[in-house]
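Listing of data_21.txt, compact mmCIF, C-alpha atoms
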```
# COMPACT_ATOMS: atom_id res chain seq x y z
CA MET H 1 51.36 131.37 91.07
CA SER H 2 53.78 130.87 93.96
CA GLY H 3 53.35 127.11 93.58
CA ASP H 4 54.27 127.33 89.89
CA SER H 5 57.41 129.33 90.62
CA ARG H 6 58.47 126.82 93.25
CA VAL H 7 57.97 123.95 90.83
CA LEU H 8 59.97 125.83 88.20
CA MET H 9 62.79 126.44 90.65
CA ASP H 10 62.90 122.76 91.65
CA HIS H 11 62.94 121.83 87.97
CA ASN H 12 65.89 124.16 87.36
CA MET H 13 67.78 122.60 90.25
CA GLU H 14 67.24 119.11 88.84
CA ILE H 15 68.46 119.89 85.33
CA GLY H 16 71.52 121.85 86.56
CA VAL H 17 70.40 125.45 85.84
CA THR H 18 71.41 128.09 88.37
CA PRO H 19 68.32 129.71 89.96
CA ALA H 20 67.52 133.31 89.05
CA GLN H 21 68.17 134.58 92.59
CA VAL H 22 71.76 133.36 92.46
CA LYS H 23 72.35 135.07 89.09
CA LYS H 24 71.47 138.47 90.61
CA LEU H 25 74.37 138.24 93.07
CA PRO H 26 77.72 139.88 92.18
CA LYS H 27 80.27 137.61 90.54
CA HIS H 28 82.70 137.66 93.47
CA MET H 29 79.90 136.66 95.87
CA ARG H 30 78.78 133.82 93.61
CA ASP H 31 82.34 132.51 93.42
CA ALA H 32 82.89 132.81 97.16
CA GLN H 33 79.85 130.82 98.22
CA ILE H 34 80.43 127.62 100.13
CA SER H 35 80.13 124.65 97.84
CA THR H 36 77.86 121.92 99.12
CA GLU H 37 77.30 118.63 97.34
CA ARG H 38 74.33 120.05 95.41
CA THR H 39 75.73 123.48 94.63
CA HIS H 40 78.98 121.86 93.52
CA LEU H 41 77.12 119.93 90.86
CA ILE H 42 75.24 123.05 89.72
CA SER H 43 77.68 125.95 89.75
CA ASP H 44 81.03 124.20 89.14
CA PRO H 45 81.87 122.55 85.85
CA ALA H 46 82.05 118.80 86.00
CA ARG H 47 85.70 117.84 86.33
CA LYS H 48 86.71 114.51 84.95
CA PRO H 49 87.91 112.29 87.80
CA ARG H 50 91.57 111.38 87.68
CA GLN H 51 92.45 107.74 87.15
CA ARG H 52 94.94 106.44 89.69
CA TYR H 53 97.88 104.29 88.70
CA VAL H 54 98.17 102.96 92.27
CA GLN H 55 95.27 103.05 94.69
CA LYS H 56 95.59 104.50 98.17
CA ASP H 57 95.59 101.00 99.66
CA GLY H 58 98.49 99.98 97.41
CA LYS H 59 96.61 98.01 94.75
CA CYS H 60 97.85 98.65 91.23
CA ASN H 61 95.05 99.82 88.94
CA VAL H 62 96.33 97.92 85.90
CA HIS H 63 94.55 95.07 84.13
CA HIS H 64 96.30 92.78 81.64
CA GLY H 65 94.18 92.14 78.58
CA ASN H 66 94.56 90.21 75.31
CA VAL H 67 97.16 87.86 76.78
CA GLN H 68 97.67 85.23 74.08
CA GLU H 69 100.30 83.07 75.77
CA THR H 70 98.19 81.88 78.68
CA TYR H 71 100.27 78.72 79.00
CA ARG H 72 102.85 80.80 80.85
CA TYR H 73 100.56 80.85 83.89
CA LEU H 74 100.53 77.03 83.95
CA SER H 75 104.31 76.86 83.75
CA ASP H 76 104.36 78.55 87.18
CA LEU H 77 101.38 76.71 88.61
CA PHE H 78 102.30 77.17 92.26
CA THR H 79 102.43 80.98 92.01
CA THR H 80 99.22 80.96 89.99
CA LEU H 81 97.43 79.05 92.74
CA VAL H 82 98.80 81.35 95.43
CA ASP H 83 97.69 84.49 93.55
CA LEU H 84 94.10 83.29 93.18
CA ARG H 85 91.33 84.71 95.30
CA TRP H 86 90.41 82.89 98.45
CA ARG H 87 87.11 81.57 97.12
CA LEU H 88 88.83 80.08 94.09
CA SER H 89 91.68 78.72 96.18
CA LEU H 90 89.30 76.92 98.53
CA PHE H 91 87.28 75.60 95.60
CA ILE H 92 90.38 74.24 93.84
CA PHE H 93 91.70 72.83 97.14
CA THR H 94 88.50 70.86 97.68
CA LEU H 95 88.15 69.88 94.03
CA VAL H 96 91.67 68.45 93.77
CA TYR H 97 91.20 66.15 96.76
CA VAL H 98 87.72 64.98 95.72
CA VAL H 99 88.83 64.24 92.14
CA ASN H 100 91.88 62.40 93.42
CA TRP H 101 89.81 60.23 95.76
CA LEU H 102 87.24 59.53 93.04
CA PHE H 103 89.94 58.60 90.52
CA PHE H 104 91.65 56.06 92.78
CA GLY H 105 88.28 54.83 94.06
CA PHE H 106 87.36 54.07 90.46
CA LEU H 107 90.63 52.14 89.99
CA TRP H 108 89.98 50.06 93.13
CA TRP H 109 86.45 49.34 91.94
CA LEU H 110 87.79 48.41 88.47
CA ILE H 111 90.28 45.93 89.97
CA ALA H 112 87.51 44.35 92.03
CA LEU H 113 85.28 44.14 88.93
CA ILE H 114 87.94 42.51 86.76
CA ARG H 115 88.93 39.99 89.45
CA GLY H 116 85.30 39.11 90.11
CA ASP H 117 85.31 40.28 93.72
CA LEU H 118 81.98 42.03 93.25
CA VAL H 119 80.34 38.72 92.25
CA HIS H 120 82.19 36.17 94.42
CA GLY H 121 82.98 38.38 97.38
CA ASP H 122 80.42 36.67 99.66
CA GLU H 123 81.84 33.15 99.09
CA ASP H 124 83.86 31.70 101.93
CA ASP H 125 86.61 30.15 99.79
CA TRP H 126 87.14 33.34 97.72
CA THR H 127 90.06 35.67 98.54
CA PRO H 128 89.29 39.19 97.26
CA CYS H 129 91.83 41.89 96.52
CA VAL H 130 90.29 44.15 99.16
CA GLU H 131 88.10 42.63 101.82
CA ASN H 132 84.60 44.06 102.28
CA LEU H 133 84.79 46.01 99.01
CA ASN H 134 81.55 45.19 97.20
CA SER H 135 80.47 48.47 95.48
CA PHE H 136 81.78 51.72 94.08
CA VAL H 137 80.87 53.54 97.29
CA SER H 138 82.96 51.15 99.35
CA ALA H 139 85.82 51.54 96.86
CA PHE H 140 85.57 55.35 97.20
CA LEU H 141 85.66 55.08 101.01
CA PHE H 142 88.68 52.75 100.80
CA SER H 143 90.43 55.30 98.58
CA ILE H 144 89.87 58.03 101.18
CA GLU H 145 91.11 55.78 104.00
CA THR H 146 94.23 54.85 102.02
CA GLU H 147 95.24 58.40 101.06
CA THR H 148 94.48 60.00 104.41
CA THR H 149 95.88 56.99 106.36
CA ILE H 150 92.77 56.82 108.52
CA GLY H 151 92.73 53.02 108.67
CA TYR H 152 89.39 52.04 110.21
CA GLY H 153 90.35 48.35 109.88
CA TYR H 154 87.20 47.17 108.09
CA ARG H 155 88.53 47.26 104.53
CA VAL H 156 92.05 45.92 104.08
CA ILE H 157 94.10 44.79 101.10
CA THR H 158 95.20 41.14 100.91
CA GLU H 159 98.63 39.78 99.95
CA LYS H 160 97.25 37.81 96.98
CA CYS H 161 96.59 40.97 94.90
CA PRO H 162 99.83 42.23 93.27
CA GLU H 163 97.98 44.79 91.15
CA GLY H 164 96.35 46.15 94.30
CA ILE H 165 99.75 46.47 96.01
CA ILE H 166 101.14 48.41 93.05
CA LEU H 167 98.08 50.70 93.05
CA LEU H 168 98.50 51.22 96.79
CA LEU H 169 102.09 52.40 96.29
CA VAL H 170 101.11 54.74 93.45
CA GLN H 171 98.28 56.28 95.45
CA ALA H 172 100.48 56.76 98.51
CA ILE H 173 103.17 58.57 96.47
CA LEU H 174 100.77 60.74 94.44
CA GLY H 175 98.76 61.49 97.55
CA SER H 176 101.87 62.80 99.30
CA ILE H 177 102.63 65.06 96.32
CA VAL H 178 99.07 66.42 96.29
CA ASN H 179 99.21 67.05 100.04
CA ALA H 180 102.54 68.85 99.78
CA MET H 181 101.36 71.09 96.95
CA MET H 182 97.94 72.00 98.28
CA VAL H 183 98.95 72.40 101.92
CA GLY H 184 101.97 74.43 100.76
CA CYS H 185 99.72 76.74 98.75
CA MET H 186 97.43 77.28 101.70
CA PHE H 187 100.36 77.90 104.06
CA VAL H 188 101.99 80.45 101.75
CA LYS H 189 98.67 82.16 101.09
CA ILE H 190 97.88 82.43 104.80
CA SER H 191 101.37 83.62 105.75
CA GLN H 192 101.65 86.18 102.95
CA PRO H 193 102.97 89.49 104.32
CA LYS H 194 100.26 91.45 102.50
CA ASN H 195 98.30 91.64 105.73
CA ARG H 196 101.36 93.06 107.49
CA ALA H 197 101.21 96.01 105.12
CA GLU H 198 97.77 96.89 106.52
CA THR H 199 99.44 98.25 109.67
CA LEU H 200 101.87 100.44 107.71
CA MET H 201 100.38 103.92 107.30
CA PHE H 202 100.95 106.71 104.81
CA SER H 203 99.69 110.24 105.28
CA HIS H 204 96.64 111.19 103.24
CA LYS H 205 98.37 114.26 101.83
CA ALA H 206 101.86 115.24 100.75
CA VAL H 207 103.08 118.77 101.43
CA ILE H 208 105.60 121.21 99.98
CA SER H 209 107.27 123.79 102.21
CA VAL H 210 110.66 125.24 103.08
CA ARG H 211 112.91 123.17 105.32
CA ASP H 212 116.43 124.43 106.13
CA ASN H 213 116.12 127.10 103.42
CA LYS H 214 115.34 124.48 100.77
CA MET H 215 112.04 123.64 99.16
CA CYS H 216 111.06 120.10 100.10
CA LEU H 217 108.31 117.65 99.20
CA MET H 218 107.30 115.67 102.28
CA PHE H 219 104.96 112.88 103.35
CA ARG H 220 104.69 110.82 106.52
CA VAL H 221 104.91 107.06 107.16
CA GLY H 222 104.25 105.08 110.31
CA ASP H 223 104.01 101.54 111.69
CA LEU H 224 101.20 100.62 114.09
CA ARG H 225 102.76 97.39 115.37
CA ASN H 226 105.34 96.97 118.10
CA SER H 227 107.14 94.35 115.99
CA HIS H 228 109.30 96.38 113.68
CA ILE H 229 110.06 96.17 109.98
CA VAL H 230 113.68 95.07 109.58
CA GLU H 231 115.86 96.65 106.88
CA ALA H 232 113.08 99.08 105.97
CA SER H 233 113.72 101.20 102.89
CA ILE H 234 111.54 103.60 100.93
CA ARG H 235 111.53 104.93 97.40
CA ALA H 236 109.28 107.11 95.30
CA LYS H 237 108.32 107.41 91.62
CA LEU H 238 106.79 110.26 89.67
CA ILE H 239 104.19 108.99 87.22
CA ARG H 240 103.16 111.33 84.41
CA SER H 241 102.86 111.32 80.65
CA GLN H 242 105.77 112.75 78.70
CA GLN H 243 106.51 113.72 75.13
CA THR H 244 110.10 113.53 73.90
CA LYS H 245 111.83 116.08 71.71
CA GLU H 246 111.34 113.73 68.77
CA GLY H 247 107.58 113.76 69.28
CA GLU H 248 107.26 110.32 70.91
CA PHE H 249 104.50 110.18 73.52
CA ILE H 250 105.30 108.10 76.61
CA PRO H 251 102.21 107.42 78.73
CA LEU H 252 102.73 106.98 82.47
CA ASN H 253 106.46 107.60 82.32
CA GLN H 254 108.23 106.72 85.59
CA THR H 255 110.85 109.08 87.05
CA ASP H 256 112.83 108.45 90.23
CA ILE H 257 112.35 110.87 93.10
CA ASN H 258 115.42 111.00 95.31
CA ILE H 259 114.42 110.70 98.97
CA GLY H 260 117.86 110.03 100.35
CA PHE H 261 119.33 107.27 98.24
CA ASP H 262 122.74 108.93 98.02
CA THR H 263 122.85 109.88 101.70
CA GLY H 264 121.28 106.74 103.19
CA ASP H 265 118.16 108.54 104.40
CA ASP H 266 116.01 106.09 102.43
CA ARG H 267 116.89 103.35 104.96
CA LEU H 268 114.48 103.80 107.85
CA PHE H 269 114.39 102.87 111.52
CA LEU H 270 110.61 102.87 111.64
CA VAL H 271 109.93 102.83 115.39
CA SER H 272 107.86 106.02 115.36
CA PRO H 273 106.26 107.93 112.46
CA LEU H 274 108.80 109.59 110.18
CA ILE H 275 108.48 112.49 107.74
CA ILE H 276 110.10 111.50 104.46
CA SER H 277 111.59 114.52 102.69
CA HIS H 278 112.57 114.99 99.06
CA GLU H 279 114.82 118.00 98.53
CA ILE H 280 113.77 119.84 95.39
CA ASN H 281 117.13 120.53 93.78
CA GLU H 282 118.56 120.62 90.27
CA LYS H 283 117.98 116.88 89.80
CA SER H 284 114.38 117.00 91.02
CA PRO H 285 111.51 116.94 88.50
CA PHE H 286 109.90 119.78 90.54
CA TRP H 287 112.94 122.08 90.28
CA GLU H 288 111.37 124.65 87.95
CA MET H 289 107.74 124.11 89.01
CA THR H 290 105.89 126.99 90.69
CA LEU H 291 102.62 126.84 92.58
CA ALA H 292 100.67 128.02 89.55
CA GLN H 293 102.34 125.42 87.32
CA MET H 294 101.73 122.63 89.81
CA GLU H 295 98.01 123.40 89.87
CA LYS H 296 97.94 122.82 86.10
CA GLU H 297 100.10 119.69 86.09
CA GLU H 298 98.69 116.16 86.14
CA PHE H 299 100.93 113.66 87.86
CA GLU H 300 100.98 110.96 90.50
CA ILE H 301 103.63 110.21 93.11
CA VAL H 302 103.91 106.51 94.02
CA VAL H 303 105.71 105.69 97.29
CA ILE H 304 106.91 102.16 98.09
CA LEU H 305 107.98 100.99 101.55
CA GLU H 306 109.82 97.65 101.72
CA GLY H 307 111.29 95.58 104.53
CA MET H 308 111.31 92.22 106.27
CA VAL H 309 108.72 91.22 108.84
CA GLU H 310 110.51 90.70 112.14
CA ALA H 311 108.33 87.77 113.19
CA THR H 312 108.53 85.71 109.97
CA GLY H 313 111.50 87.10 108.02
CA MET H 314 109.39 87.44 104.88
CA THR H 315 109.68 90.50 102.66
CA CYS H 316 106.81 92.96 102.97
CA GLN H 317 105.91 95.81 100.63
CA ALA H 318 103.44 98.62 101.26
CA ARG H 319 102.43 101.12 98.58
CA SER H 320 100.45 104.31 98.32
CA SER H 321 100.17 107.26 95.96
CA TYR H 322 99.47 110.98 95.86
CA LEU H 323 97.72 112.70 92.99
CA ASP H 324 98.56 116.28 92.06
CA THR H 325 95.47 117.41 93.98
CA GLU H 326 96.78 115.66 97.10
CA VAL H 327 100.09 117.57 97.11
CA LEU H 328 99.48 120.76 99.11
CA TRP H 329 101.79 123.75 98.75
CA GLY H 330 102.61 125.71 101.89
CA TYR H 331 101.83 123.17 104.60
CA ARG H 332 103.70 121.17 107.22
CA PHE H 333 102.84 118.10 109.27
CA THR H 334 101.67 118.43 112.85
CA PRO H 335 104.06 116.76 115.34
CA VAL H 336 102.81 113.46 116.75
CA LEU H 337 105.63 112.53 119.16
CA SER H 338 105.58 113.71 122.75
CA LEU H 339 107.76 112.93 125.77
CA GLU H 340 105.89 111.34 128.64
CA LYS H 341 107.17 110.06 131.97
CA GLY H 342 109.69 107.40 131.03
CA PHE H 343 108.65 106.89 127.39
CA TYR H 344 107.73 108.58 124.12
CA GLU H 345 104.09 108.58 123.07
CA VAL H 346 102.80 108.75 119.49
CA ASP H 347 99.44 110.44 118.97
CA TYR H 348 98.02 108.91 115.81
CA ASN H 349 95.07 111.30 115.92
CA ASN H 350 97.44 113.90 114.44
CA PHE H 351 99.11 111.54 111.98
CA HIS H 352 97.31 113.03 108.96
CA GLU H 353 97.00 116.55 110.37
CA ILE H 354 98.78 119.45 108.64
CA TYR H 355 99.02 123.17 109.29
CA GLU H 356 99.58 126.12 106.98
CA THR H 357 102.93 127.91 106.84
CA ASN H 358 104.33 130.84 104.88
CA THR H 359 105.97 129.47 101.75
CA PRO H 360 107.10 131.26 98.58
CA THR H 361 104.98 130.48 95.55
CA CYS H 362 107.99 130.65 93.24
CA SER H 363 109.88 127.61 92.07
CA ALA H 364 112.73 126.07 94.02
CA LYS H 365 115.12 127.29 91.34
CA GLU H 366 114.05 130.90 91.84
CA LEU H 367 114.20 130.51 95.63
CA ALA H 368 117.74 129.15 95.46
CA ALA H 369 118.81 132.06 93.26
CA LYS H 370 117.41 134.56 95.77
CA LEU H 371 119.03 132.81 98.73
CA ARG H 372 122.48 132.93 97.13
CA GLU H 373 122.53 136.69 97.58
CA GLY H 374 122.91 136.52 101.34
CA PRO H 375 123.15 134.29 104.44
CA LEU H 376 120.38 131.77 104.84
CA LEU H 377 119.66 132.12 108.57
CA PRO H 378 117.84 135.50 108.55
CA GLN H 379 115.77 134.42 105.58
CA LEU H 380 114.77 131.18 107.28
CA THR H 381 113.49 133.18 110.26
CA LEU H 382 111.26 135.25 108.00
CA LEU H 383 109.95 132.26 106.05
CA SER H 384 108.86 130.44 109.17
CA PRO H 385 106.03 131.82 111.35
CA GLU H 386 107.57 130.14 114.40
CA PRO H 387 110.97 131.04 115.93
CA LYS H 388 113.74 128.54 115.35
CA MET H 389 115.72 127.11 118.26
CA HIS H 390 119.03 127.49 116.46
CA THR H 391 118.51 131.29 116.39
CA PHE H 392 119.18 131.40 120.14
CA ASP H 393 122.21 129.16 119.72
CA THR H 394 123.56 131.61 117.20
CA LEU H 395 123.01 134.54 119.56
CA ASP H 396 124.71 132.64 122.37
CA SER H 397 127.68 131.85 120.17
CA MET H 398 127.90 135.52 119.18
CA SER H 399 127.85 136.62 122.83
CA GLU H 400 130.58 134.14 123.71
CA ARG H 401 133.01 135.41 121.05
CA ASP H 402 136.39 136.71 122.14
CA PRO H 403 136.53 140.51 122.50
CA LEU H 404 137.99 142.37 119.54
CA SER H 405 141.09 144.47 119.68
CA PRO H 406 140.78 148.27 119.10
CA ASP H 407 142.14 147.89 115.56
CA GLU H 408 139.64 145.13 114.79
CA GLU H 409 136.78 147.23 116.23
CA GLN H 410 137.73 150.14 113.99
CA GLU H 411 137.86 147.76 110.99
CA GLU H 412 134.42 146.44 111.91
CA LYS H 413 133.02 149.97 111.94
CA ASP H 414 134.59 150.83 108.60
CA SER H 415 133.24 147.67 106.92
CA GLY H 416 129.81 147.76 108.56
CA GLY H 417 128.20 149.89 105.85
CA ASP H 418 129.49 147.68 103.08
CA ARG H 419 128.22 144.57 104.80
CA GLY H 420 124.81 146.11 105.21
CA GLU H 421 124.64 146.72 101.48
CA THR H 422 125.71 143.21 100.48
CA ASN H 423 123.56 141.34 103.04
CA GLY H 424 120.28 141.48 101.11
CA SER H 425 118.68 138.24 102.30
CA ALA H 426 115.75 139.95 104.06
CA ALA H 427 115.15 142.26 101.12
CA ALA H 428 115.38 139.33 98.73
CA LEU H 429 112.81 137.42 100.74
CA GLU H 430 110.37 140.31 100.59
CA ASP H 431 110.51 140.09 96.81
CA LEU H 432 109.42 136.45 96.92
CA PRO H 433 105.66 135.94 96.71
CA LEU H 434 104.14 133.99 99.57
CA ALA H 435 101.42 131.41 99.25
CA ASP H 436 98.11 133.12 99.99
CA GLY H 437 94.74 131.56 99.76
CA LEU H 438 96.14 128.05 99.63
CA PRO H 439 93.62 125.30 99.02
CA ASP H 440 92.35 123.47 102.05
```

Please express what this file holds, its structure, as structure tokens.
Amino acid sequence: MSGDSRVLMDHNMEIGVTPAQVKKLPKHMRDAQISTERTHLISDPARKPRQRYVQKDGKCNVHHGNVQETYRYLSDLFTTLVDLRWRLSLFIFTLVYVVNWLFFGFLWWLIALIRGDLVHGDEDDWTPCVENLNSFVSAFLFSIETETTIGYGYRVITEKCPEGIILLLVQAILGSIVNAMMVGCMFVKISQPKNRAETLMFSHKAVISVRDNKMCLMFRVGDLRNSHIVEASIRAKLIRSQQTKEGEFIPLNQTDINIGFDTGDDRLFLVSPLIISHEINEKSPFWEMTLAQMEKEEFEIVVILEGMVEATGMTCQARSSYLDTEVLWGYRFTPVLSLEKGFYEVDYNNFHEIYETNTPTCSAKELAAKLREGPLLPQLTLLSPEPKMHTFDTLDSMSERDPLSPDEEQEEKDSGGDRGETNGSAAALEDLPLADGLPD
């Protein structure tokens, strides 16, 4: 009997039915259980995986289908050859040279056949077009020697063959063009700055928290090489579907995210990892978005880092993206820069690390409305779990003020009660909900 119940339980696990023992638990205990790979498949509803517009490694997840005008690829043949995969590029590289050698080898063999060199080549009083050319194989070898300028000295063209001289000129010119094109393709393909983008890093997650009393969306970028990216600049796009007021549906609509274009903060000096910040203001697409609304939204943030490679001067572009599930509310990035003896050291073990911080769950619009009621400095102290350095500067500046006259002191006492009523920043902050139980 116990064996039958065990078999039944295993069968329930395989078909996705929750075992009877789990059903007897209270609802809050069933929801709070740690989700392993197997329990996640059983107890949680299957969530459809999100399709990325841009992969984490920067590859665009877009395929072009039903292209009728394929001749456009041939009009830009050089770029088409450069964009091919390496296996196809090497195959075409080899094929072009072999076909070229075979074609001109056939022409040399045809000249020898028409002149009769293949029949009378062994006669002493016969002057062939090409000495020691007596078969197609020898004509093919002579074609290779001519185009690659090897010149072994065994097969040579004679001066009594004008058609052979003309063919020699044509092969030399066409051979130079083929060499320039194929070697140029290989050089450009090898020196492409795509590999340089492999050493440009983006943080795995983006975070939203309060910075200088303003809600900000932040992510981190870094460069692993000592050779820097010159004229580095960064921009971001919000990708999400949109429906206009007229009812038009726009799939994957692109919206600019301002990360310092108007202030120049988008131009980077990328010597050490930098935290890129987007201030959520009236022009931001996240202005009226709360934590609860963001958990229901489906969007993707694409970040693009561009610059010139210092060693080659070629333009390099690195891309990454963050889905809505990869944007964490109420977190900050762990510092990675430390001062050592005589230099600064970057600890890339903490590059992707984040830590939780107290952050209002309301929208940036609601936070700005609350902060307008009083000074920002006391509220910033309450929002942050760590003391701010500028708090001590403020206290120092207050202690260094000039002493007040007796009349001014009396005026301060009379107006003190009114100021206490109007300064409601701390009380306003207490009304703001804080992010509790944030997702890991």

(message) So the first atom is atom CA of H:Gln254 and the second is atom CA of H:Val82; what is the distance between them in Å, to one decimal place?
(response)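 Computing the Euclidean distance for atom CA of H:Gln254 and atom CA of H:Val82 yields 28.8 Å.
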
(message) Taking only C-alpha atoms into account, name the residue in H:Ser320, H:Thr357, H:Ser233, H:Asn350 that is nearest to H:Cys60.
(response)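 The closest residue to H:Cys60 is H:Ser320.
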
(message) Taking 3 positions as the minimum chain separation for residues in the same chain, which residues sit within 9 Å of H:Ser227 when counting only C-alpha atoms? Answer as a PyMOL selection string.
(response) chain H and resi 223-224+271+309-311

(request) Figure out the distance between atom CA of H:Arg235 and atom CA of H:Leu305, please, to one decimal in Å. (result)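 Calculated distance between atom CA of H:Leu305 and atom CA of H:Arg235 is 6.7 Å.
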
(message) Could you check the closest approach to H:Met215 for each of H:Leu168, H:Val137, H:Ile280, H:Val99 and tell me which residue wins, using all atoms listed in the file?
(response)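 For H:Met215, the nearest of the candidates is H:Ile280.
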
(request) Can you work out which one of H:Ser241, H:Ser135, H:Thr148, H:Asn179 has the shortest atom-to-atom distance to H:Val96, counting only C-alpha atoms? (result)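 Checking each candidate against H:Val96, we get H:Asn179 as the closest.
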
(request) Name all residues at most 9 Å from H:Ile275 (count only C-alpha atoms; drop same-chain ones fewer than 4 positions away) and give them as a list in words. (result)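 Returned residues: Met218, Phe219, Arg220, Val221, Gly222 and Phe333 of chain H.
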
(request) Give as a PyMOL selection string the set of residues within 9 Å of the point (102.6, 112.7, 101.3), where distances use the file's coordinates and only C-alpha atoms. (result) chain H and resi 202-207+217-221+275-276+301+303+321-322+326-328

Go ahead and write the selection's residues with C-alpha atoms as a short mmCIF file (atom, residue, chain, number, x, y, z; two decimals), in the frame of the given file.
```cif
data_model
loop_
_atom_site.label_atom_id
_atom_site.label_comp_id
_atom_site.auth_asym_id
_atom_site.auth_seq_id
_atom_site.Cartn_x
_atom_site.Cartn_y
_atom_site.Cartn_z
CA PHE H 202 100.95 106.71 104.81
CA SER H 203 99.69 110.24 105.28
CA HIS H 204 96.64 111.19 103.24
CA LYS H 205 98.37 114.26 101.83
CA ALA H 206 101.86 115.24 100.75
CA VAL H 207 103.08 118.77 101.43
CA LEU H 217 108.31 117.65 99.20
CA MET H 218 107.30 115.67 102.28
CA PHE H 219 104.96 112.88 103.35
CA ARG H 220 104.69 110.82 106.52
CA VAL H 221 104.91 107.06 107.16
CA ILE H 275 108.48 112.49 107.74
CA ILE H 276 110.10 111.50 104.46
CA ILE H 301 103.63 110.21 93.11
CA VAL H 303 105.71 105.69 97.29
CA SER H 321 100.17 107.26 95.96
CA TYR H 322 99.47 110.98 95.86
CA GLU H 326 96.78 115.66 97.10
CA VAL H 327 100.09 117.57 97.11
CA LEU H 328 99.48 120.76 99.11
#
```

(message) From the options H:Glu163, H:Arg319, H:Asn226, H:Ile150, which residue's atoms come nearest to H:Lys56, counting all atoms listed in the file?
(response)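 Using all atoms listed in the file, H:Lys56 sits closest to H:Arg319.
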
(message) Which residues are near H:Glu147? Cut-off 7 Å, only C-alpha atoms, ignore same chain within fewer than 4 positions. Put them as a count of residues only.
(response) 4

(request) Grab the atom CA of H:Val67 to atom CA of H:Thr255 distance for me, in Å with one decimal place. (result)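 Atom-to-atom, atom CA of H:Val67 and atom CA of H:Thr255 are spaced 27.3 Å apart.
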
(request) Give the answer as one residue: which of H:Val62, H:Ile173, H:Ile190, H:Val178 has the shortest atom-to-atom distance to H:Arg85, using all atoms listed in the file? (result)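 Checking each candidate against H:Arg85, we get H:Ile190 as the closest.
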
(message) Calculated over all atoms listed in the file, which of the candidates H:Lys341, H:His352, H:Lys194, H:Arg50 has the smallest distance to H:Met314?
(response)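 The shortest atom-to-atom distance to H:Met314 comes from H:Lys194.
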